[in-house]
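Below you'll find the structure, written out as structure tokens, and then a few comments.
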Amino acid sequence: MSVFVRTCFSLVFLCLVGLTLADVFSQSQPSQRILTAVRSQDRIRIDGFLTESVWDRKGEDGFVQREPYEGAPPSERTEVWIAYDDDALYVAARMEESRPDSIIGRLARRDSDPESDHIGFGIDAGHDRRTAYYFIVNPAGAIRDGTFSNDTYTDESWDGVWDVAVQVDEKGWTAEFRVPYSQLRFSKQDRYIWGIDFYRRIHRKNEEGFLVLHPRTDFLRVSRWPELHGVEGIEPPTRVELLPYVTATGKFLEKPPVASFNMGRDDPFILGRDFFGSAGADARIGLDGDLTLGLSLNPDFAQVEVDPAVVNLTAYEVRYQEKRPLFTEGSSILDNFGSGGAATLQNFNWTNPNFFYSRRIGRSPQGSVTHQGFRDIPDRTTILGAAKVTGRIDPTWSIAAVTALTDREFGRVDSAGVQFREEIEPLTLYTAFRTLKEFNGARQAIGVLGTFVERDLRESRLDAVLNRRAVSLAIDGWVFLDEEKDWVVTGWTGGTMVEGTTARIASLQRSAVHFFQRPDADHVEVDASGTTMTGWASRVWLDRVKGNLIFNAAVGAIHPKFDANDAGFLTNADVLNAHLYAGYQWFEQGGLFRYRALMGTIYRNYNFGGVATRSKYQVASDVQLVNFWRSFIQMGYDATVLDDQRTRGGPLMEMPAGADGYLQVSSDPREALTGSITIQGSASSLRGTYHSFSLNLNWRASKTLQVQGGPTFFRLSSKAQYISSFSDPFAVETFGRRYVFGNLDQRQFAAALRVNWTFTPVLSFQLYLQPLLSIGNYSTIKEFARPRTFSFNRYGEGASTIGLINDRYTVDPDGENGPANPFSFTNPNFNFKSVRANAVLRWEYLPGSTLYFVWTNEKVNYEIRGDFEWGRDVQTLLRDRPDNVFSVKLTYWLNP
């Protein structure tokens, strides 16, 4: 622990040294520009022609470049106008073009970047200088919209209901927007002052321009926006949006293998064809001021896009991205916990725990049935209802609250004609609450996040695998250290408490998140009589927000008893981490370079027992050439440390020193065919080697068709891949257990292909295809010899014996004459193959109303073999019949 403390003090000293440079690199804030909106006396027709009288006046121009020549006047003139009436805000824009035949406009799905020219604007209707909505259109009419939060972060999950039209002519192109006030959030005032800014991109020149200068040396946005004056005499509308839906699904599934006692019988649960439908509704209701209440009745949370296939050889859970609309809309208030104030926060060998991870709600049932036979197991938990409130009480005070109730789920088993029904998921209540208060123009802020999970456990089987109750409470905030807001300290701290039976708490302490059973760890132990577990975690960063100087330092800790996995996500506890990240970046174009940066990093990890578990040094370079090609190079060195996770609850193992490298090269994004190549590698004389290669291509074949994707290949040669452990009182050196490892040679090939075919701005087709082939061959089966070393006893040498019969290894660690008992385990070799496909036809037949046709196809094949034959393995996968699911979903937007 003392080493960690010294490291932290060293980092604090270096941070203070860095702070003395603040005055050197400080930048003054630009003066506020004022734009004026004019009330329209006539009806504005959204057609893109700009023929209305309200546009027949001098507009706003004076754009300034951010790319490629910061601060320079734009190469093409842009003029914008702003108008309003009692119902909506209107924006018109004229984008002049000296070469109209060079205007690039490609069709794309909503919120997809078609790599084309575009014009957009943002509205900060609450005028808090931190949050906003944005609206973008390109010359083909493809649209994007979303939200800003924390001054810098953007989120495209919000889909507003607004209108836009474009026209291309001999002068360039024009755009005309209508944004109903129902899509904005603001409180009643006599005269309104909003924030606004405009953004234009000329793709062939890679040119980006704004109404105000946004330096390349930082990511700040909303706080710099001009003010919009002139809007007065309007009333915030009653915001009520209803979205009823109906769905119909057909499942065509392959029958699983049949157990011997069910031979000759058909599976009563899988008929090969299964049809069902459902209906429900979502509602968004505007509350006082900026607050919005979201409600869902029998919500449809089927994901439009499948999760990627993953071969996970670790002990830890895989975190997947949230894609369900109720949870993604307005999620920034919850997602940005702990990261406010800073534009970019770095983490090195630190996985920030999430106090709220919305995919816990509606997850697959966590219990299991106890009988063998034909099984009918639901793949997700039914959400009976959900509600969410998000918004701001005033411009400086934001809140969010989510609650959901999930139903009991039951698994059914048919065993030789006898059917059983067993509960596998209890009735569960999930609740999360978040609030954040800003002070002094957002120079300081403090926030609170709390979660609560309550399960109605009635089955003793579930008592042993689930917590009855889980509570978390955390605070976060930030403070800027100087007048120019160049330096910021931001962070969070919080605690968790879980409650359950003694069997459950003991099981939780032994899980991969905690590993309290480690025999040589004197700071943790399994408490077999405990019914609660309470822990804490914290993280603090010092960040350089603006300027050429790159600086970020952090210190964090996760107590061994901290556990957020009921409502949140946590990979592992018992972690102390600190890093120092510094560098310098040059934005001035010179010679071959448009941009250059050099960075260096030092980071350390310890556990709460004071054991150093990671010590690394890295250097990196980021370069963009004048032709817009870019490369990123990183090299690192890992010092020898002790690993407290490798034996998965066993004693410490030495991890020998090693080196690694990373290279990524990407091409000019302006071309029709673009791509990037990524190469990674690592090597250690004792641990083994890893190398990977990936190619990602993006081909814009036409204005309507885009093809993306590419292959990825990696090969891992590990000299210490964990297999299992076995109790043996004669394994004295390793505390009464034998920890079995092997040399693993793993090869994996995967690819991703995405085809986007956009017929019109409201009608599109998307195909996603992901094949995966992963082969692992284990050899040199052995056991860990002594703690704090990287030494092993190889089975089959000396008196020990090992044999493989019918895909099971049998090991006698000291031979037939020794006192130790033999043990056996399944051959860990694997040959995993899968193909996942997903096709979606999306038609927005009315604003806010959508019709989906979805097809999901999956093939999976698993064999216990560690060899690879391309022809055999591909033919095996193609021979298998897939599971097919077809779905139709119709939504209808109502704004009464």
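Residue names in the structure tokens use chain letters A, B, ... in the order shown, residue numbers from 1 in each chain, and ligand numbers from 1 in the order shown.
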
message: I need the residues in segment 678-826 of chain A that are strand (DSSP E or B) according to DSSP; give them as a VMD selection string.
response: chain A and resid 678 to 684 688 to 700 705 to 727 737 to 760 763 to 784 792 to 794 801 to 805 808 to 812 823 to 826

message: I'd like the contact shell of Gly277 of chain A - 7 Å cut-off, only C-alpha atoms, skipping same-chain residues fewer than 4 positions apart - returned as a PyMOL selection string.
response: chain A and resi 247-249

Kindly save the residues from that selection, with N, CA, C and O atoms included, as a PDB file, in the first residue's frame.
```
ATOM      1  N   THR A 247     -46.841  -5.588 -32.855  1.00  0.00           N
ATOM      2  CA  THR A 247     -45.788  -6.416 -33.442  1.00  0.00           C
ATOM      3  C   THR A 247     -46.331  -7.807 -33.728  1.00  0.00           C
ATOM      4  O   THR A 247     -47.262  -8.277 -33.073  1.00  0.00           O
ATOM      5  N   ALA A 248     -45.714  -8.435 -34.690  1.00  0.00           N
ATOM      6  CA  ALA A 248     -45.995  -9.843 -34.996  1.00  0.00           C
ATOM      7  C   ALA A 248     -44.665 -10.512 -35.284  1.00  0.00           C
ATOM      8  O   ALA A 248     -43.807  -9.954 -35.984  1.00  0.00           O
ATOM      9  N   THR A 249     -44.460 -11.708 -34.727  1.00  0.00           N
ATOM     10  CA  THR A 249     -43.181 -12.408 -34.847  1.00  0.00           C
ATOM     11  C   THR A 249     -43.411 -13.867 -35.197  1.00  0.00           C
ATOM     12  O   THR A 249     -44.332 -14.500 -34.670  1.00  0.00           O
TER      13      THR A 249
END
```

task: Give the answer as one residue: which of A:Ser682, A:Thr344, A:Thr381, A:Thr826 has the shortest atom-to-atom distance to Gly367 of chain A, using only C-alpha atoms?
output: A:Thr381

message: Using only C-alpha atoms for the distances, tell me which of A:Gly120, A:Gly848, A:Gly815, A:Pro236 is nearest to Arg200 of chain A.
response: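 Among A:Gly120, A:Gly848, A:Gly815, A:Pro236, it is A:Gly120 that comes nearest to Arg200 of chain A.
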
query: Which residues come within 9 Å of segment 870-874 of chain A, counting only C-alpha atoms, excluding same-chain residues fewer than 2 positions away, as an NGL selection string?
result: :A and (773 or 831 or 833 or 868 or 876-879)

I need the chosen residues saved as a short mmCIF file (atom, residue, chain, number, x, y, z; two decimals), in the first residue's frame, with all heavy atoms.
```
data_model
loop_
_atom_site.label_atom_id
_atom_site.label_comp_id
_atom_site.auth_asym_id
_atom_site.auth_seq_id
_atom_site.Cartn_x
_atom_site.Cartn_y
_atom_site.Cartn_z
N LEU A 773 -15.17 -17.49 -36.61
CA LEU A 773 -14.55 -18.81 -36.51
C LEU A 773 -13.41 -18.70 -35.51
O LEU A 773 -12.46 -17.94 -35.70
CB LEU A 773 -14.02 -19.26 -37.87
CG LEU A 773 -13.28 -20.59 -37.94
CD1 LEU A 773 -14.20 -21.73 -37.55
CD2 LEU A 773 -12.73 -20.82 -39.35
N ASN A 831 -13.70 -25.53 -31.10
CA ASN A 831 -13.82 -25.10 -32.49
C ASN A 831 -15.22 -24.50 -32.60
O ASN A 831 -16.22 -25.21 -32.72
CB ASN A 831 -13.66 -26.29 -33.45
CG ASN A 831 -13.65 -25.87 -34.91
OD1 ASN A 831 -14.55 -25.18 -35.36
ND2 ASN A 831 -12.63 -26.32 -35.64
N LYS A 833 -17.95 -21.93 -34.31
CA LYS A 833 -18.30 -21.28 -35.57
C LYS A 833 -19.70 -20.69 -35.45
O LYS A 833 -20.59 -21.32 -34.88
CB LYS A 833 -18.26 -22.28 -36.73
CG LYS A 833 -16.91 -22.94 -36.92
CD LYS A 833 -16.97 -24.05 -37.96
CE LYS A 833 -17.64 -25.31 -37.43
NZ LYS A 833 -16.83 -25.98 -36.39
N PHE A 868 -7.84 -26.73 -37.27
CA PHE A 868 -8.55 -25.87 -38.21
C PHE A 868 -8.35 -26.38 -39.62
O PHE A 868 -7.22 -26.58 -40.07
CB PHE A 868 -8.05 -24.43 -38.08
CG PHE A 868 -8.54 -23.52 -39.17
CD1 PHE A 868 -9.89 -23.21 -39.26
CD2 PHE A 868 -7.66 -22.99 -40.10
CE1 PHE A 868 -10.34 -22.37 -40.27
CE2 PHE A 868 -8.11 -22.15 -41.10
CZ PHE A 868 -9.45 -21.84 -41.19
N THR A 876 -19.15 -27.37 -42.58
CA THR A 876 -19.94 -27.75 -41.41
C THR A 876 -20.92 -26.65 -41.04
O THR A 876 -22.10 -26.90 -40.75
CB THR A 876 -19.02 -28.05 -40.22
OG1 THR A 876 -18.15 -29.13 -40.55
CG2 THR A 876 -19.84 -28.41 -38.98
N LEU A 877 -20.45 -25.43 -41.08
CA LEU A 877 -21.31 -24.32 -40.73
C LEU A 877 -22.40 -24.11 -41.77
O LEU A 877 -23.57 -23.88 -41.43
CB LEU A 877 -20.48 -23.03 -40.58
CG LEU A 877 -21.21 -21.81 -40.06
CD1 LEU A 877 -21.81 -22.08 -38.68
CD2 LEU A 877 -20.27 -20.61 -40.01
N LEU A 878 -22.05 -24.23 -43.04
CA LEU A 878 -23.05 -24.05 -44.09
C LEU A 878 -24.07 -25.19 -44.10
O LEU A 878 -25.23 -24.99 -44.48
CB LEU A 878 -22.36 -23.96 -45.46
CG LEU A 878 -21.46 -22.74 -45.67
CD1 LEU A 878 -20.79 -22.82 -47.04
CD2 LEU A 878 -22.26 -21.45 -45.54
N ARG A 879 -23.67 -26.37 -43.65
CA ARG A 879 -24.56 -27.52 -43.64
C ARG A 879 -25.63 -27.40 -42.56
O ARG A 879 -26.75 -27.87 -42.72
CB ARG A 879 -23.75 -28.81 -43.46
CG ARG A 879 -24.59 -30.08 -43.59
CD ARG A 879 -23.70 -31.32 -43.58
NE ARG A 879 -22.91 -31.43 -42.37
CZ ARG A 879 -21.58 -31.31 -42.31
NH1 ARG A 879 -20.88 -31.10 -43.42
NH2 ARG A 879 -20.93 -31.42 -41.16
#
```

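A straight line drawn from atom CA of Gly556 of chain A to atom CA of Gly535 of chain A is 14.1 Å long.
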
- request: Tell me which of A:Glu454, A:Asp520, A:Glu484, A:Asp638 sits closest to Pro651 of chain A, counting only C-alpha atoms.
  value: A:Asp520

message: What's around Asn627 of chain A at 10 Å? Count only C-alpha atoms, leave out sequence neighbours fewer than 4 positions away in its own chain, and write the answer as an MDAnalysis selection string.
response: chainID A and resid 592:594 667:670

All heavy atoms of the current selection, written as a CSV table (one decimal), in the first residue's frame:
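After the write, part04.csv holds the following:
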```
chain,number,residue,atom,x,y,z
A,592,LEU,N,4.7,18.3,-44.2
A,592,LEU,CA,3.8,17.1,-44.5
A,592,LEU,C,2.6,17.0,-43.6
A,592,LEU,O,1.7,16.2,-43.9
A,592,LEU,CB,4.6,15.8,-44.5
A,592,LEU,CG,5.8,15.6,-45.5
A,592,LEU,CD1,6.5,14.4,-45.2
A,592,LEU,CD2,5.2,15.6,-46.9
A,593,PHE,N,2.7,17.8,-42.5
A,593,PHE,CA,1.7,17.5,-41.4
A,593,PHE,C,0.7,18.5,-41.3
A,593,PHE,O,1.0,19.7,-41.3
A,593,PHE,CB,2.5,17.3,-40.1
A,593,PHE,CG,3.6,16.2,-40.1
A,593,PHE,CD1,4.9,16.6,-40.2
A,593,PHE,CD2,3.2,14.9,-40.2
A,593,PHE,CE1,5.9,15.7,-40.3
A,593,PHE,CE2,4.2,13.9,-40.2
A,593,PHE,CZ,5.6,14.3,-40.3
A,594,ARG,N,-0.6,18.1,-41.0
A,594,ARG,CA,-1.6,18.9,-40.6
A,594,ARG,C,-1.8,18.9,-39.1
A,594,ARG,O,-2.2,19.9,-38.5
A,594,ARG,CB,-3.0,18.5,-41.2
A,594,ARG,CG,-3.1,18.6,-42.7
A,594,ARG,CD,-4.6,18.6,-43.1
A,594,ARG,NE,-5.3,19.7,-42.6
A,594,ARG,CZ,-6.1,19.7,-41.6
A,594,ARG,NH1,-6.3,18.6,-40.9
A,594,ARG,NH2,-6.8,20.8,-41.2
A,667,SER,N,-7.3,6.2,-44.2
A,667,SER,CA,-7.1,6.9,-45.4
A,667,SER,C,-7.9,8.2,-45.4
A,667,SER,O,-8.6,8.5,-44.4
A,667,SER,CB,-7.5,6.0,-46.6
A,667,SER,OG,-8.9,5.8,-46.5
A,668,ASP,N,-7.8,9.0,-46.5
A,668,ASP,CA,-8.5,10.2,-46.7
A,668,ASP,C,-10.0,10.0,-46.6
A,668,ASP,O,-10.6,9.3,-47.5
A,668,ASP,CB,-8.1,10.8,-48.0
A,668,ASP,CG,-8.7,12.2,-48.3
A,668,ASP,OD1,-9.6,12.6,-47.5
A,668,ASP,OD2,-8.3,12.9,-49.2
A,669,PRO,N,-10.8,10.6,-45.7
A,669,PRO,CA,-12.2,10.3,-45.5
A,669,PRO,C,-13.0,10.9,-46.6
A,669,PRO,O,-14.2,10.6,-46.7
A,669,PRO,CB,-12.6,10.9,-44.2
A,669,PRO,CG,-11.6,12.0,-44.0
A,669,PRO,CD,-10.3,11.5,-44.6
A,670,ARG,N,-12.5,11.7,-47.5
A,670,ARG,CA,-13.2,12.3,-48.6
A,670,ARG,C,-13.5,11.4,-49.8
A,670,ARG,O,-14.4,11.7,-50.6
A,670,ARG,CB,-12.5,13.6,-49.1
A,670,ARG,CG,-12.3,14.7,-48.0
A,670,ARG,CD,-11.4,15.8,-48.5
A,670,ARG,NE,-10.1,15.3,-48.8
A,670,ARG,CZ,-9.2,16.0,-49.4
A,670,ARG,NH1,-9.4,17.3,-49.7
A,670,ARG,NH2,-8.0,15.5,-49.7
```

message: With distances taken over only C-alpha atoms, which residue among A:Thr36, A:Tyr134, A:Phe121, A:Ser331 lies nearest Tyr192 of chain A?
response: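 Checking each candidate against Tyr192 of chain A, we get A:Thr36 as the closest.
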
Backbone DSSP call of helix (DSSP H, G or I) for segment 380-574 of chain A, listed as a PyMOL selection string: chain A and resi 460-463+502-510

Could you write out the selected residues, including all heavy atoms, as a short mmCIF file (atom, residue, chain, number, x, y, z; two decimals), in the first residue's frame?
```
data_model
loop_
_atom_site.label_atom_id
_atom_site.label_comp_id
_atom_site.auth_asym_id
_atom_site.auth_seq_id
_atom_site.Cartn_x
_atom_site.Cartn_y
_atom_site.Cartn_z
N SER A 460 -36.11 -21.13 -2.80
CA SER A 460 -34.81 -21.25 -2.11
C SER A 460 -33.68 -21.41 -3.11
O SER A 460 -32.54 -21.00 -2.84
CB SER A 460 -34.84 -22.43 -1.14
OG SER A 460 -35.13 -23.64 -1.83
N ARG A 461 -33.97 -22.01 -4.29
CA ARG A 461 -32.92 -22.15 -5.31
C ARG A 461 -32.42 -20.78 -5.76
O ARG A 461 -31.23 -20.58 -5.97
CB ARG A 461 -33.46 -22.90 -6.53
CG ARG A 461 -33.83 -24.34 -6.30
CD ARG A 461 -34.33 -24.97 -7.58
NE ARG A 461 -35.51 -24.29 -8.12
CZ ARG A 461 -35.47 -23.42 -9.14
NH1 ARG A 461 -34.33 -23.14 -9.72
NH2 ARG A 461 -36.58 -22.86 -9.58
N LEU A 462 -33.34 -19.82 -5.89
CA LEU A 462 -32.96 -18.48 -6.34
C LEU A 462 -32.30 -17.68 -5.24
O LEU A 462 -31.50 -16.77 -5.50
CB LEU A 462 -34.18 -17.74 -6.89
CG LEU A 462 -34.83 -18.37 -8.13
CD1 LEU A 462 -36.03 -17.54 -8.58
CD2 LEU A 462 -33.82 -18.49 -9.26
N ASP A 463 -32.64 -18.00 -3.98
CA ASP A 463 -31.99 -17.33 -2.84
C ASP A 463 -30.47 -17.49 -2.88
O ASP A 463 -29.73 -16.63 -2.40
CB ASP A 463 -32.51 -17.91 -1.52
CG ASP A 463 -33.74 -17.17 -1.03
OD1 ASP A 463 -33.95 -16.04 -1.48
OD2 ASP A 463 -34.48 -17.74 -0.21
N THR A 502 -26.97 -16.20 3.58
CA THR A 502 -25.55 -16.48 3.84
C THR A 502 -24.92 -17.23 2.66
O THR A 502 -23.77 -16.96 2.30
CB THR A 502 -25.39 -17.29 5.13
OG1 THR A 502 -26.18 -18.49 5.04
CG2 THR A 502 -25.84 -16.48 6.33
N ALA A 503 -25.69 -18.14 2.07
CA ALA A 503 -25.16 -18.89 0.93
C ALA A 503 -24.91 -17.95 -0.25
O ALA A 503 -23.91 -18.08 -0.96
CB ALA A 503 -26.12 -20.00 0.52
N ARG A 504 -25.82 -16.99 -0.46
CA ARG A 504 -25.65 -16.06 -1.59
C ARG A 504 -24.47 -15.14 -1.37
O ARG A 504 -23.66 -14.92 -2.27
CB ARG A 504 -26.94 -15.25 -1.78
CG ARG A 504 -26.78 -14.06 -2.71
CD ARG A 504 -26.24 -14.45 -4.07
NE ARG A 504 -25.94 -13.28 -4.89
CZ ARG A 504 -25.17 -13.31 -5.97
NH1 ARG A 504 -24.59 -14.45 -6.35
NH2 ARG A 504 -24.95 -12.23 -6.67
N ILE A 505 -24.32 -14.57 -0.19
CA ILE A 505 -23.23 -13.64 0.07
C ILE A 505 -21.88 -14.36 -0.03
O ILE A 505 -20.90 -13.83 -0.58
CB ILE A 505 -23.39 -12.96 1.44
CG1 ILE A 505 -24.68 -12.13 1.46
CG2 ILE A 505 -22.19 -12.09 1.75
CD1 ILE A 505 -24.74 -11.05 0.39
N ALA A 506 -21.81 -15.59 0.47
CA ALA A 506 -20.56 -16.36 0.35
C ALA A 506 -20.26 -16.64 -1.11
O ALA A 506 -19.10 -16.56 -1.55
CB ALA A 506 -20.67 -17.66 1.14
N SER A 507 -21.28 -16.98 -1.89
CA SER A 507 -21.08 -17.22 -3.32
C SER A 507 -20.62 -15.97 -4.03
O SER A 507 -19.74 -16.00 -4.90
CB SER A 507 -22.38 -17.74 -3.94
OG SER A 507 -22.27 -17.85 -5.34
N LEU A 508 -21.21 -14.82 -3.67
CA LEU A 508 -20.81 -13.55 -4.28
C LEU A 508 -19.35 -13.23 -3.97
O LEU A 508 -18.60 -12.77 -4.84
CB LEU A 508 -21.73 -12.44 -3.76
CG LEU A 508 -21.48 -11.03 -4.30
CD1 LEU A 508 -21.70 -10.97 -5.81
CD2 LEU A 508 -22.38 -10.02 -3.58
N GLN A 509 -18.92 -13.49 -2.74
CA GLN A 509 -17.54 -13.20 -2.37
C GLN A 509 -16.55 -14.09 -3.11
O GLN A 509 -15.40 -13.71 -3.32
CB GLN A 509 -17.38 -13.37 -0.85
CG GLN A 509 -18.12 -12.32 -0.04
CD GLN A 509 -18.06 -12.58 1.44
OE1 GLN A 509 -17.61 -13.63 1.89
NE2 GLN A 509 -18.54 -11.61 2.23
N ARG A 510 -17.00 -15.27 -3.52
CA ARG A 510 -16.12 -16.18 -4.25
C ARG A 510 -16.17 -15.95 -5.77
O ARG A 510 -15.41 -16.57 -6.50
CB ARG A 510 -16.53 -17.63 -3.97
CG ARG A 510 -16.27 -18.09 -2.54
CD ARG A 510 -16.75 -19.51 -2.32
NE ARG A 510 -16.46 -20.00 -0.98
CZ ARG A 510 -15.31 -20.56 -0.64
NH1 ARG A 510 -14.35 -20.71 -1.55
NH2 ARG A 510 -15.11 -20.96 0.60
#
```

Listing only residues of segment 615-712 of chain A within 6 Å of segment 737-758 of chain A, what is the closest atom pair and its distance in Å (to one decimal) for each, using only C-alpha atoms, sorted by chain and residue number ascending, as a tab-separated table?
```
residue	atom	partner	partner_atom	distance
A:Thr704	CA	A:Thr758	CA	5.0
A:Leu705	CA	A:Trp757	CA	4.6
A:Gln706	CA	A:Asn756	CA	5.1
A:Val707	CA	A:Val755	CA	4.6
A:Gln708	CA	A:Arg754	CA	5.1
A:Gly709	CA	A:Leu753	CA	4.4
A:Gly710	CA	A:Ala751	CA	5.5
A:Pro711	CA	A:Ala751	CA	4.1
A:Thr712	CA	A:Ala750	CA	5.2
```

message: I need the residue nearest Tyr768 of chain A from this list: A:Ala839, A:Leu570, A:Pro787, A:Phe792. Use only C-alpha atoms for the distance.
response: A:Ala839

- prompt: Near Arg808 of chain A, counting only C-alpha atoms, which residues have an atom at most 12 Å away, once you skip same-chain residues fewer than 6 positions from it, shown as a list in words?
  reply: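 These residues fall inside the cut-off: Ile802, Phe823, Ser824, Phe825, Thr826, Asn827, Pro828, Asn829 and Ile864 of chain A.
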
Let me see the file: selected residues, N, CA and C atoms, as a tab-separated table (two decimals), in the first residue's frame.
```tsv
chain	number	residue	atom	x	y	z
A	802	ILE	N	-0.92	-38.44	-17.37
A	802	ILE	CA	-2.06	-37.77	-17.98
A	802	ILE	C	-2.50	-38.59	-19.18
A	823	PHE	N	-7.83	-36.85	-10.92
A	823	PHE	CA	-8.99	-36.02	-11.24
A	823	PHE	C	-9.11	-35.95	-12.76
A	824	SER	N	-10.27	-35.54	-13.24
A	824	SER	CA	-10.49	-35.49	-14.67
A	824	SER	C	-11.25	-34.22	-15.05
A	825	PHE	N	-11.14	-33.85	-16.30
A	825	PHE	CA	-11.85	-32.68	-16.82
A	825	PHE	C	-12.01	-32.82	-18.33
A	826	THR	N	-12.99	-32.13	-18.86
A	826	THR	CA	-13.29	-32.18	-20.29
A	826	THR	C	-12.16	-31.53	-21.09
A	827	ASN	N	-11.86	-32.11	-22.22
A	827	ASN	CA	-10.87	-31.53	-23.13
A	827	ASN	C	-11.25	-30.08	-23.41
A	828	PRO	N	-10.39	-29.10	-23.06
A	828	PRO	CA	-10.76	-27.69	-23.24
A	828	PRO	C	-10.64	-27.18	-24.67
A	829	ASN	N	-10.14	-28.02	-25.60
A	829	ASN	CA	-10.06	-27.58	-26.99
A	829	ASN	C	-11.44	-27.13	-27.48
A	864	ILE	N	-15.52	-30.05	-29.90
A	864	ILE	CA	-14.32	-30.16	-29.06
A	864	ILE	C	-13.19	-30.66	-29.96
```

field: Distance query Arg788 of chain A at most 10 Å, only C-alpha atoms, self and fewer than 4 positions along chain excluded, as an NGL selection string
entry: :A and (520 or 641-644 or 651-655)

Could those selected residues go to a file with C-alpha atoms, as an mmCIF file, in the first residue's frame?
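Generated file (again-v4.cif):
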```cif
data_model
loop_
_atom_site.group_PDB
_atom_site.id
_atom_site.type_symbol
_atom_site.label_atom_id
_atom_site.label_comp_id
_atom_site.auth_asym_id
_atom_site.auth_seq_id
_atom_site.Cartn_x
_atom_site.Cartn_y
_atom_site.Cartn_z
ATOM 1 C CA ASP A 520 -2.401 -15.799 0.213
ATOM 2 C CA VAL A 641 4.358 -7.841 -11.440
ATOM 3 C CA LEU A 642 2.187 -10.294 -9.498
ATOM 4 C CA ASP A 643 -1.212 -11.241 -10.936
ATOM 5 C CA ASP A 644 -4.011 -11.826 -8.401
ATOM 6 C CA PRO A 651 -2.545 -17.655 -5.048
ATOM 7 C CA LEU A 652 -0.541 -14.897 -6.698
ATOM 8 C CA MET A 653 1.255 -15.693 -9.942
ATOM 9 C CA GLU A 654 4.193 -13.779 -11.328
ATOM 10 C CA MET A 655 3.555 -12.056 -14.660
#
```

Å distance separating atom CA of Ala528 of chain A from atom CA of Asn605 of chain A, one decimal place: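 Value for the atom CA of Ala528 of chain A-atom CA of Asn605 of chain A distance: 29.0 Å.
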
From A:Ala799, A:Ile104, A:Ile46, A:Val418, residue lying nearest Glu671 of chain A [only C-alpha atoms]: A:Ile104
